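Shown below: final-v1.tsv, with TSV, C-alpha atoms.
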chain	number	residue	atom	x	y	z
W	28	MET	CA	0.00	0.00	0.00
W	29	ASN	CA	1.61	3.23	-1.18
W	30	LYS	CA	0.24	5.89	1.15
W	31	ALA	CA	1.60	8.63	-1.11
W	32	LEU	CA	-1.45	7.94	-3.31
W	33	LEU	CA	-3.54	9.54	-0.55
W	34	LYS	CA	-1.89	12.95	-0.86
W	35	PRO	CA	-4.50	15.62	-1.70
W	36	GLU	CA	-2.95	16.61	-5.01
W	37	ILE	CA	-2.76	12.96	-6.17
W	38	GLN	CA	-6.31	12.24	-5.04
W	39	LYS	CA	-7.43	15.32	-6.97
W	40	PHE	CA	-5.59	14.09	-10.07
W	41	ILE	CA	-7.25	10.64	-9.74
W	42	ARG	CA	-10.72	12.17	-9.57
W	43	GLU	CA	-10.04	14.54	-12.46
W	44	ASN	CA	-8.94	11.64	-14.69
W	45	LEU	CA	-11.88	9.36	-13.95
W	46	LYS	CA	-12.89	9.35	-17.63
W	47	SER	CA	-9.37	9.28	-19.06
W	48	ASP	CA	-8.03	6.44	-21.18
W	49	LEU	CA	-5.95	4.39	-18.71
W	50	THR	CA	-3.59	2.94	-21.31
W	51	GLY	CA	-2.71	6.42	-22.56
W	52	LEU	CA	-2.34	7.66	-18.99
W	53	VAL	CA	0.14	4.89	-18.14
W	54	LEU	CA	2.17	5.55	-21.31
W	55	LYS	CA	2.48	9.26	-20.43
W	56	GLY	CA	4.10	8.36	-17.12
W	57	SER	CA	3.34	9.65	-13.64
W	58	PRO	CA	3.42	13.41	-12.95
W	59	PHE	CA	4.27	12.57	-9.32
W	60	PRO	CA	7.70	11.12	-8.46
W	61	GLU	CA	6.47	9.20	-5.39
W	62	VAL	CA	3.88	7.10	-7.28
W	63	SER	CA	3.99	5.21	-10.57
W	64	SER	CA	1.55	5.65	-13.45
W	65	ALA	CA	0.46	2.02	-12.96
W	66	GLU	CA	-0.46	2.76	-9.32
W	67	ILE	CA	-2.47	5.81	-10.37
W	68	ALA	CA	-4.23	3.78	-13.08
W	69	MET	CA	-5.17	1.11	-10.52
W	70	GLN	CA	-6.78	3.75	-8.30
W	71	ILE	CA	-8.68	5.30	-11.23
W	72	SER	CA	-9.86	1.83	-12.30
W	73	GLY	CA	-11.04	1.11	-8.75
W	74	LEU	CA	-12.85	4.44	-8.56
W	75	LYS	CA	-14.61	3.70	-11.86
W	76	THR	CA	-15.78	0.32	-10.54
W	77	ALA	CA	-16.96	1.86	-7.28
W	78	GLN	CA	-19.06	4.50	-9.02
W	79	ASN	CA	-21.81	1.96	-9.75
W	80	LYS	CA	-20.91	-1.03	-7.60
W	81	LEU	CA	-19.93	0.76	-4.38
W	82	PRO	CA	-21.42	4.29	-4.32
W	83	THR	CA	-20.62	4.85	-0.62
W	84	TRP	CA	-16.94	4.17	-1.29
W	85	PHE	CA	-17.03	6.31	-4.43
W	86	GLU	CA	-18.45	9.27	-2.51
W	87	THR	CA	-16.04	8.92	0.44
W	88	PRO	CA	-12.72	10.84	0.16
W	89	ASN	CA	-9.35	9.08	0.42
W	90	ILE	CA	-10.54	5.54	-0.22
W	91	TYR	CA	-7.69	3.27	-1.29
W	92	TYR	CA	-8.58	0.67	-3.96
W	93	PRO	CA	-7.00	-2.79	-4.27
W	94	PRO	CA	-6.10	-4.61	-7.53
W	95	LYS	CA	-8.88	-5.24	-10.03
W	96	LEU	CA	-9.27	-8.93	-9.13
W	97	ASN	CA	-10.07	-8.11	-5.49
W	98	LEU	CA	-12.74	-5.63	-6.61
W	99	GLU	CA	-14.27	-8.15	-9.01
W	100	GLN	CA	-14.63	-10.70	-6.22
W	101	THR	CA	-16.10	-8.36	-3.63
W	102	SER	CA	-19.81	-7.99	-2.91
W	103	SER	CA	-21.63	-5.05	-4.42
W	104	GLU	CA	-23.11	-2.52	-2.03
W	105	ILE	CA	-26.66	-3.70	-2.75
W	106	THR	CA	-25.89	-7.37	-2.00
W	107	ALA	CA	-23.83	-6.51	1.08
W	108	LYS	CA	-26.70	-4.47	2.53
W	109	TYR	CA	-29.05	-7.38	1.87
W	110	LYS	CA	-26.80	-9.80	3.77
W	111	ALA	CA	-26.49	-7.43	6.71
W	112	SER	CA	-30.28	-7.10	6.89
W	113	LEU	CA	-30.60	-10.85	7.52
W	114	ILE	CA	-28.42	-11.18	10.63
W	115	GLN	CA	-27.60	-9.23	13.79
W	116	GLY	CA	-26.02	-9.75	17.19
W	117	LYS	CA	-23.12	-8.78	19.42
W	118	GLN	CA	-20.13	-10.27	17.63
W	119	LEU	CA	-19.43	-11.58	14.12
W	120	ILE	CA	-16.17	-12.94	12.76
W	121	ASP	CA	-15.41	-12.85	9.04
W	122	LEU	CA	-12.83	-15.50	8.12
W	123	SER	CA	-11.98	-14.00	4.72
W	124	GLY	CA	-12.64	-10.26	4.84
W	125	GLY	CA	-11.28	-9.24	1.43
W	126	PHE	CA	-11.93	-5.60	0.57
W	127	GLY	CA	-14.28	-5.36	3.57
W	128	ILE	CA	-17.56	-4.41	1.88
W	129	ASP	CA	-19.63	-7.00	3.74
W	130	ASP	CA	-18.01	-6.17	7.09
W	131	HIS	CA	-18.76	-2.47	6.64
W	132	PHE	CA	-22.48	-3.27	6.62
W	133	PHE	CA	-22.26	-6.07	9.20
W	134	ALA	CA	-20.82	-3.41	11.52
W	135	GLU	CA	-24.20	-1.69	11.42
W	136	SER	CA	-25.93	-4.88	12.65
W	137	PHE	CA	-23.33	-6.08	15.20
W	138	LYS	CA	-21.61	-4.41	18.15
W	139	GLU	CA	-18.27	-5.81	16.99
W	140	VAL	CA	-17.01	-7.31	13.75
W	141	ILE	CA	-13.70	-9.17	13.57
W	142	TYR	CA	-12.21	-8.99	10.09
W	143	CYS	CA	-9.58	-11.62	9.15
W	144	GLU	CA	-7.66	-11.61	5.88
W	145	LEU	CA	-4.74	-13.77	4.74
W	146	ASN	CA	-3.53	-11.09	2.30
W	147	GLY	CA	-1.66	-8.63	4.54
W	148	GLU	CA	-1.74	-5.74	2.05
W	149	LEU	CA	-5.48	-6.15	1.50
W	150	ALA	CA	-5.99	-6.15	5.28
W	151	GLU	CA	-4.00	-2.90	5.51
W	152	ILE	CA	-6.15	-1.35	2.77
W	153	ALA	CA	-9.34	-2.45	4.52
W	154	ARG	CA	-8.11	-1.04	7.86
W	155	HIS	CA	-7.45	2.34	6.24
W	156	ASN	CA	-10.83	2.40	4.48
W	157	PHE	CA	-12.75	1.45	7.63
W	158	LYS	CA	-11.27	4.55	9.28
W	159	GLN	CA	-12.27	6.72	6.33
W	160	LEU	CA	-15.79	5.26	6.51
W	161	LYS	CA	-15.90	5.81	10.31
W	162	LYS	CA	-16.48	2.13	11.12
W	163	ASP	CA	-14.77	2.01	14.52
W	164	ASN	CA	-16.26	-1.30	15.66
W	165	ILE	CA	-14.34	-3.44	13.15
W	166	GLN	CA	-11.21	-5.15	14.45
W	167	VAL	CA	-8.74	-6.00	11.66
W	168	ILE	CA	-6.63	-9.15	12.16
W	169	PRO	CA	-4.26	-9.93	9.28
W	170	GLY	CA	-3.64	-13.66	8.85
W	171	ASP	CA	-5.41	-16.99	8.54
W	172	GLY	CA	-9.04	-16.67	9.69
W	173	ILE	CA	-9.27	-20.34	10.64
W	174	LYS	CA	-6.20	-20.06	12.90
W	175	THR	CA	-7.62	-16.88	14.45
W	176	LEU	CA	-10.86	-18.74	15.14
W	177	GLU	CA	-9.02	-21.74	16.66
W	178	ALA	CA	-7.05	-19.46	18.98
W	179	SER	CA	-10.12	-17.51	20.13
W	180	ASN	CA	-11.94	-18.31	23.36
W	181	ASN	CA	-15.06	-16.48	22.14
W	182	ASN	CA	-18.39	-17.89	21.07
W	183	PHE	CA	-19.60	-15.80	18.15
W	184	ASP	CA	-23.16	-14.92	17.24
W	185	VAL	CA	-22.32	-15.54	13.57
W	186	ILE	CA	-19.33	-16.84	11.63
W	187	TYR	CA	-19.17	-15.53	8.07
W	188	ALA	CA	-16.93	-16.48	5.16
W	189	ASP	CA	-16.64	-15.72	1.48
W	190	PRO	CA	-14.09	-18.37	0.45
W	191	ALA	CA	-11.62	-17.40	-2.28
W	192	ARG	CA	-12.63	-19.16	-5.49
W	193	ARG	CA	-9.28	-19.28	-7.31
W	194	ASP	CA	-6.50	-21.87	-7.21
W	195	ASP	CA	-2.74	-21.26	-6.94
W	196	HIS	CA	-2.56	-20.55	-10.67
W	197	GLY	CA	-5.41	-18.02	-10.70
W	198	GLY	CA	-7.92	-20.44	-12.19
W	199	LYS	CA	-11.52	-20.48	-10.96
W	200	VAL	CA	-12.73	-23.29	-8.71
W	201	PHE	CA	-16.32	-24.05	-7.78
W	202	LYS	CA	-16.31	-26.90	-5.25
W	203	LEU	CA	-16.31	-25.56	-1.70
W	204	ALA	CA	-13.57	-27.99	-0.68
W	205	ASP	CA	-11.28	-26.39	-3.31
W	206	CYS	CA	-11.83	-22.85	-1.99
W	207	LEU	CA	-9.90	-21.03	0.71
W	208	PRO	CA	-10.78	-21.44	3.52
W	209	ASP	CA	-11.97	-25.02	3.00
W	210	ILE	CA	-15.29	-24.66	4.84
W	211	PRO	CA	-16.46	-28.32	4.61
W	212	THR	CA	-13.26	-29.53	6.33
W	213	TYR	CA	-13.59	-27.03	9.19
W	214	LEU	CA	-17.35	-27.17	9.77
W	215	ASP	CA	-17.01	-28.99	13.10
W	216	LEU	CA	-14.62	-26.31	14.34
W	217	LEU	CA	-17.00	-23.56	13.21
W	218	PHE	CA	-19.93	-25.14	15.02
W	219	ARG	CA	-17.87	-25.35	18.21
W	220	LYS	CA	-17.50	-21.57	18.03
W	221	THR	CA	-21.04	-20.59	16.95
W	222	ASP	CA	-24.59	-21.78	16.39
W	223	ARG	CA	-24.98	-19.80	13.14
W	224	ILE	CA	-22.83	-19.81	10.01
W	225	LEU	CA	-23.29	-17.78	6.83
W	226	ILE	CA	-21.29	-18.67	3.72
W	227	LYS	CA	-21.27	-16.72	0.46
W	228	THR	CA	-20.44	-18.75	-2.65
W	229	SER	CA	-20.16	-18.37	-6.39
W	230	PRO	CA	-23.48	-18.16	-8.27
W	231	LEU	CA	-22.18	-21.03	-10.42
W	232	LEU	CA	-22.11	-23.47	-7.51
W	233	ASP	CA	-24.74	-26.16	-8.03
W	234	ILE	CA	-27.22	-26.13	-5.14
W	235	THR	CA	-27.40	-29.92	-4.88
W	236	ALA	CA	-23.59	-30.14	-4.92
W	237	GLY	CA	-23.36	-27.49	-2.20
W	238	LEU	CA	-25.77	-29.40	0.01
W	239	THR	CA	-23.60	-32.52	-0.26
W	240	GLU	CA	-20.55	-30.58	1.00
W	241	LEU	CA	-22.27	-28.64	3.79
W	242	LYS	CA	-24.51	-29.72	6.67
W	243	HIS	CA	-27.30	-28.24	8.79
W	244	VAL	CA	-28.25	-25.85	5.95
W	245	SER	CA	-31.47	-24.11	6.99
W	246	ALA	CA	-31.81	-21.67	4.08
W	247	ILE	CA	-30.22	-20.76	0.76
W	248	HIS	CA	-30.67	-17.24	-0.58
W	249	ILE	CA	-30.18	-16.73	-4.32
W	250	VAL	CA	-29.36	-13.05	-4.85
W	251	ALA	CA	-29.67	-11.46	-8.29
W	252	VAL	CA	-29.18	-7.85	-9.42
W	253	THR	CA	-30.91	-6.72	-12.63
W	254	ASN	CA	-31.61	-10.33	-13.52
W	255	GLU	CA	-28.06	-11.63	-13.04
W	256	VAL	CA	-27.37	-14.01	-10.15
W	257	LYS	CA	-24.51	-12.52	-8.14
W	258	GLU	CA	-24.16	-14.81	-5.13
W	259	LEU	CA	-25.56	-17.72	-3.15
W	260	LEU	CA	-25.92	-17.34	0.61
W	261	TRP	CA	-25.88	-20.52	2.71
W	262	PHE	CA	-27.32	-20.26	6.23
W	263	MET	CA	-26.40	-23.06	8.62
W	264	ILE	CA	-27.83	-23.55	12.10
W	265	LYS	CA	-26.24	-25.97	14.56
W	266	ASP	CA	-28.14	-29.28	14.72
W	267	PHE	CA	-30.68	-28.15	12.11
W	268	SER	CA	-32.26	-31.01	10.19
W	269	GLY	CA	-34.83	-30.89	7.45
W	270	SER	CA	-35.23	-29.41	4.01
W	271	PRO	CA	-33.72	-25.91	3.59
W	272	GLN	CA	-35.82	-22.98	2.49
W	273	ILE	CA	-34.86	-21.57	-0.91
W	274	LYS	CA	-35.29	-17.79	-1.03
W	275	THR	CA	-34.82	-15.84	-4.24
W	276	ILE	CA	-34.47	-12.10	-4.59
W	277	ASN	CA	-33.93	-10.04	-7.73
W	278	PHE	CA	-33.09	-6.34	-7.37
W	279	ASN	CA	-34.44	-4.53	-10.43
W	280	LYS	CA	-34.20	-0.79	-11.01
W	281	SER	CA	-37.88	-0.23	-10.26
W	282	GLN	CA	-38.77	-3.09	-7.90
W	283	VAL	CA	-37.54	-6.03	-5.84
W	284	GLU	CA	-38.86	-9.47	-6.80
W	285	LYS	CA	-39.01	-12.12	-4.07
W	286	PHE	CA	-40.04	-15.76	-4.24
W	287	SER	CA	-39.40	-18.64	-1.85
W	288	GLY	CA	-40.21	-22.23	-1.11
W	289	SER	CA	-38.80	-25.54	0.04
W	290	MET	CA	-36.93	-27.96	-2.19
W	291	GLU	CA	-39.55	-30.51	-1.16
W	292	ASP	CA	-42.43	-28.35	-2.45
W	293	LYS	CA	-43.27	-30.07	-5.72
W	294	PRO	CA	-46.98	-29.72	-6.49
W	295	GLU	CA	-48.34	-31.28	-9.66
W	296	LEU	CA	-47.27	-29.25	-12.66
W	297	LYS	CA	-49.86	-28.15	-15.22
W	298	PHE	CA	-48.95	-27.83	-18.88
W	299	SER	CA	-50.64	-25.75	-21.53
W	300	PHE	CA	-50.34	-24.41	-25.04
W	301	PRO	CA	-49.50	-20.68	-25.09
W	302	LYS	CA	-52.46	-18.54	-24.02
W	303	LYS	CA	-52.71	-14.74	-23.92
W	304	TYR	CA	-49.70	-13.99	-21.71
W	305	LEU	CA	-46.18	-15.42	-21.57
W	306	TYR	CA	-43.93	-15.32	-18.50
W	307	GLU	CA	-40.16	-15.74	-18.20
W	308	PRO	CA	-38.89	-16.28	-14.61
W	309	ASN	CA	-36.07	-14.08	-13.38
W	310	ALA	CA	-32.54	-15.46	-13.11
W	311	ALA	CA	-32.75	-16.17	-9.36
W	312	ILE	CA	-35.80	-18.38	-9.84
W	313	MET	CA	-34.16	-20.11	-12.79
W	314	LYS	CA	-31.29	-20.97	-10.45
W	315	SER	CA	-33.67	-22.20	-7.74
W	316	ARG	CA	-35.58	-24.54	-10.10
W	317	LEU	CA	-38.74	-24.07	-8.01
W	318	PHE	CA	-40.82	-24.28	-11.17
W	319	GLU	CA	-43.69	-26.42	-9.85
W	320	LEU	CA	-44.23	-24.14	-6.87
W	321	LEU	CA	-43.92	-21.04	-9.06
W	322	ALA	CA	-46.68	-22.26	-11.37
W	323	GLU	CA	-48.96	-23.08	-8.43
W	324	LYS	CA	-48.42	-19.77	-6.60
W	325	THR	CA	-48.79	-17.60	-9.71
W	326	GLY	CA	-51.70	-19.52	-11.26
W	327	THR	CA	-49.80	-20.19	-14.48
W	328	SER	CA	-49.07	-23.25	-16.61
W	329	LYS	CA	-45.81	-24.39	-18.15
W	330	LEU	CA	-45.32	-24.81	-21.88
W	331	HIS	CA	-43.05	-27.85	-21.57
W	332	LYS	CA	-41.18	-29.65	-18.82
W	333	ASN	CA	-37.84	-28.28	-20.04
W	334	SER	CA	-38.89	-24.91	-21.52
W	335	HIS	CA	-39.22	-22.92	-18.26
W	336	LEU	CA	-41.73	-20.56	-19.83
W	337	PHE	CA	-45.19	-20.05	-18.33
W	338	THR	CA	-48.53	-18.89	-19.67
W	339	SER	CA	-52.00	-17.77	-18.59
W	340	GLU	CA	-55.22	-16.40	-20.06
W	341	LYS	CA	-55.51	-13.61	-17.47
W	342	LEU	CA	-52.64	-11.34	-16.46
W	343	LYS	CA	-50.89	-12.54	-13.28
W	344	GLU	CA	-48.31	-11.11	-10.91
W	345	PHE	CA	-45.08	-12.89	-11.76
W	346	PRO	CA	-41.42	-12.56	-10.64
W	347	GLY	CA	-39.86	-12.07	-14.05
W	348	ARG	CA	-40.55	-10.63	-17.48
W	349	ILE	CA	-44.16	-10.56	-18.67
W	350	PHE	CA	-45.28	-10.47	-22.31
W	351	GLU	CA	-48.50	-10.28	-24.26
W	352	ILE	CA	-48.61	-12.87	-27.03
W	353	ILE	CA	-49.31	-11.37	-30.45
W	354	ASP	CA	-48.89	-14.45	-32.64
W	355	ILE	CA	-47.74	-18.08	-32.52
W	356	LYS	CA	-46.11	-19.90	-35.42
W	357	TYR	CA	-44.60	-23.32	-35.95
W	358	PHE	CA	-40.90	-23.20	-36.71
W	359	LYS	CA	-40.75	-23.51	-40.49
W	360	PRO	CA	-37.58	-21.70	-41.62
W	361	THR	CA	-38.56	-21.38	-45.30
W	362	ILE	CA	-41.75	-19.51	-44.42
W	363	LEU	CA	-40.24	-17.54	-41.54
W	364	LYS	CA	-37.33	-16.29	-43.66
W	365	LYS	CA	-39.74	-14.40	-45.89
W	366	GLU	CA	-41.69	-12.94	-42.96
W	367	PHE	CA	-38.78	-11.95	-40.70
W	368	LYS	CA	-36.15	-10.89	-43.28
W	369	GLY	CA	-34.74	-7.47	-42.34
W	370	SER	CA	-36.99	-7.08	-39.30
W	371	LYS	CA	-35.84	-6.19	-35.77
W	372	ALA	CA	-36.53	-8.33	-32.72
W	373	ASN	CA	-35.16	-9.44	-29.36
W	374	ILE	CA	-34.67	-13.21	-29.52
W	375	THR	CA	-34.77	-15.69	-26.62
W	376	THR	CA	-34.44	-19.47	-26.87
W	377	ARG	CA	-35.81	-21.88	-24.28
W	378	ASN	CA	-35.53	-25.64	-24.88
W	379	PHE	CA	-34.69	-25.05	-28.52
W	380	PRO	CA	-31.84	-26.66	-30.52
W	381	GLU	CA	-30.63	-23.60	-32.47
W	382	SER	CA	-28.72	-20.75	-30.83
W	383	VAL	CA	-29.77	-17.09	-30.95
W	384	ALA	CA	-26.83	-16.29	-33.25
W	385	ASP	CA	-27.77	-19.11	-35.64
W	386	LEU	CA	-31.40	-18.00	-35.71
W	387	ARG	CA	-30.47	-14.40	-36.50
W	388	LYS	CA	-28.30	-15.57	-39.35
W	389	LEU	CA	-30.86	-18.08	-40.65
W	390	LEU	CA	-33.87	-15.75	-40.51
W	391	ARG	CA	-31.96	-12.48	-41.11
W	392	ILE	CA	-33.36	-10.78	-38.01
W	393	LYS	CA	-31.61	-7.70	-36.65
W	394	ASP	CA	-31.22	-7.17	-32.91
W	395	GLY	CA	-33.37	-4.67	-30.99
W	396	GLY	CA	-36.75	-3.05	-31.26
W	397	GLU	CA	-39.94	-3.66	-29.29
W	398	ARG	CA	-40.67	-7.08	-30.73
W	399	TYR	CA	-39.78	-10.20	-28.71
W	400	LEU	CA	-39.52	-13.64	-30.29
W	401	PHE	CA	-39.38	-16.74	-28.12
W	402	PHE	CA	-38.16	-19.87	-29.87
W	403	THR	CA	-39.24	-22.83	-27.77
W	404	THR	CA	-40.84	-26.28	-27.71
W	405	ASN	CA	-44.43	-27.02	-26.69
W	406	GLN	CA	-45.86	-29.95	-24.76
W	407	GLU	CA	-46.22	-31.95	-27.99
W	408	ASN	CA	-42.48	-31.45	-28.65
W	409	LYS	CA	-43.17	-29.19	-31.62
W	410	LYS	CA	-40.91	-26.19	-32.19
W	411	LEU	CA	-42.68	-22.83	-31.87
W	412	VAL	CA	-41.99	-19.15	-32.40
W	413	ILE	CA	-43.99	-16.98	-29.99
W	414	ASP	CA	-44.24	-13.36	-31.12
W	415	CYS	CA	-44.71	-10.99	-28.15
W	416	ARG	CA	-44.59	-7.48	-26.84
W	417	LYS	CA	-43.21	-6.82	-23.37
W	418	ILE	CA	-45.62	-5.31	-20.87
W	419	LEU	CA	-43.66	-5.56	-17.56
W	420	ASN	CA	-40.00	-5.74	-16.45
Write the structure described by the file as structure tokens, please.
Amino acid sequence: MNKALLKPEIQKFIRENLKSDLTGLVLKGSPFPEVSSAEIAMQISGLKTAQNKLPTWFETPNIYYPPKLNLEQTSSEITAKYKASLIQGKQLIDLSGGFGIDDHFFAESFKEVIYCELNGELAEIARHNFKQLKKDNIQVIPGDGIKTLEASNNNFDVIYADPARRDDHGGKVFKLADCLPDIPTYLDLLFRKTDRILIKTSPLLDITAGLTELKHVSAIHIVAVTNEVKELLWFMIKDFSGSPQIKTINFNKSQVEKFSGSMEDKPELKFSFPKKYLYEPNAAIMKSRLFELLAEKTGTSKLHKNSHLFTSEKLKEFPGRIFEIIDIKYFKPTILKKEFKGSKANITTRNFPESVADLRKLLRIKDGGERYLFFTTNQENKKLVIDCRKILN
């Protein structure tokens, strides 16, 4: 951590060059002898990322930003606030604090937060930023979070971890046992120190696979922002047994979509040909695979077991995109080429053999416009094109 970057004149220069081309800036060289152009570029890059992802950090003077990889892996402000809203107590320990975004918001729900981080420089950066953000109830402990936990005589209200998901060569890993810290191996230790554990994992982790590695999972939260799943939250309670609750949340610009149920909730699924309205579940629900329960609770029917599109005659409230069906055609390329040639449309495929790119090329459809075409398969296994206009989300 080069503290010279925090000098007022350098901070001013960083802010003034927020929109500058970083490659050109680096090639020009640094106007300040105590810092390199690469260091300045890293701070500008971090500030750019924070502008949308971490507005509190962006608006706070003298924040020091870590390398790009650390910022990519950190929670966004919106997901960190959501996590903090779910738990509270006297003391929380974070075994892998990273840039410290989650701990900043945990500090508003707990009297004390203990931040552990194996990367000493990252811990130093977090310590500095916590002071700038006036979070005085966070204790920073550089080093191995598991060893810190083993040496502690405390019983914590919550143990939290966001295990690093890269191997020694920088490659991504997805099994929990391959992450650092290796939570499955140390679960017994964690439960000796707390009754409640919260683990954040990659959105790519398969839920069934995660359940085989963990135990006493009481709930899994699937968190999406603008229809992109950002993280999975695994809540574990000591001695809990039973089926975990699956809770989905999707933060859109205009609303927050929530849907939940148990993995054991599998009511009989109804199938139907497309009716007046078509529904596409949001990304969090797609990850949850609670399709039977979704159909029952929303009063909709599914087009096909594997299509994951729903329909109804009357307009329903639905956590996802909603469309009014204008026309339905069977997929006959020779006929469709003549009709669609040169037209504009947004294309989605669900349970359909051809890709979006192949369909655009085949039917000569340009991207964009207010027309939405869903290429899918119906309950009779016939390929359809559903022509729609979007009415919600």
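Candidate residues W:Asp394, W:Glu323, W:Glu291, W:Glu240 were compared for distance to W:Pro271, and the nearest is W:Glu291, using all atoms listed in the file.
By chain and then residue number, the residues within 8 Å of W:Asp414 are Ile352, Ile353, Asp354, Ile355, Arg398, Tyr399, Leu400, Phe401, Val412 and Arg416 of chain W, counting all atoms listed in the file and disregarding those fewer than 2 positions away in sequence.
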Around all the atoms of stretch 34-46 of chain W listed in the file, with 8 Å of room on each side, what axis-aligned box do you get, giving centre and edge lengths in Å to one decimal, as lines of an AutoDock Vina configuration file?
center_x = -7.4
center_y = 13.0
center_z = -9.2
size_x = 27.0
size_y = 23.3
size_z = 32.8
* Contacts of W:Thr235 at 12 Å (only C-alpha atoms; same-chain gap of 4+ positions) as a PyMOL selection string -> chain W and resi 202+231+239-242+244+247+270-271+273+290+314-316
* Check the smallest atom-to-atom distance from each of W:Ile168, W:Ala153, W:Val140, W:Leu411 to W:Thr375 using only C-alpha atoms, then report the winner. => W:Leu411
Can you list, as a PDB file with C-alpha atoms, in the frame of the given file, every protein, DNA or RNA residue that comes within 9 Å of W:Ile224 when you count all atoms listed in the file, leaving out same-chain residues fewer than 6 positions away?
ATOM      1  CA  ASP W 184     -23.160 -14.920  17.240  1.00  0.00           C
ATOM      2  CA  VAL W 185     -22.320 -15.540  13.570  1.00  0.00           C
ATOM      3  CA  ILE W 186     -19.330 -16.840  11.630  1.00  0.00           C
ATOM      4  CA  TYR W 187     -19.170 -15.530   8.070  1.00  0.00           C
ATOM      5  CA  ALA W 188     -16.930 -16.480   5.160  1.00  0.00           C
ATOM      6  CA  LEU W 217     -17.000 -23.560  13.210  1.00  0.00           C
ATOM      7  CA  PHE W 218     -19.930 -25.140  15.020  1.00  0.00           C
ATOM      8  CA  TRP W 261     -25.880 -20.520   2.710  1.00  0.00           C
ATOM      9  CA  PHE W 262     -27.320 -20.260   6.230  1.00  0.00           C
ATOM     10  CA  MET W 263     -26.400 -23.060   8.620  1.00  0.00           C
ATOM     11  CA  ILE W 264     -27.830 -23.550  12.100  1.00  0.00           C
ATOM     12  CA  LYS W 265     -26.240 -25.970  14.560  1.00  0.00           C
TER      13      LYS W 265
END
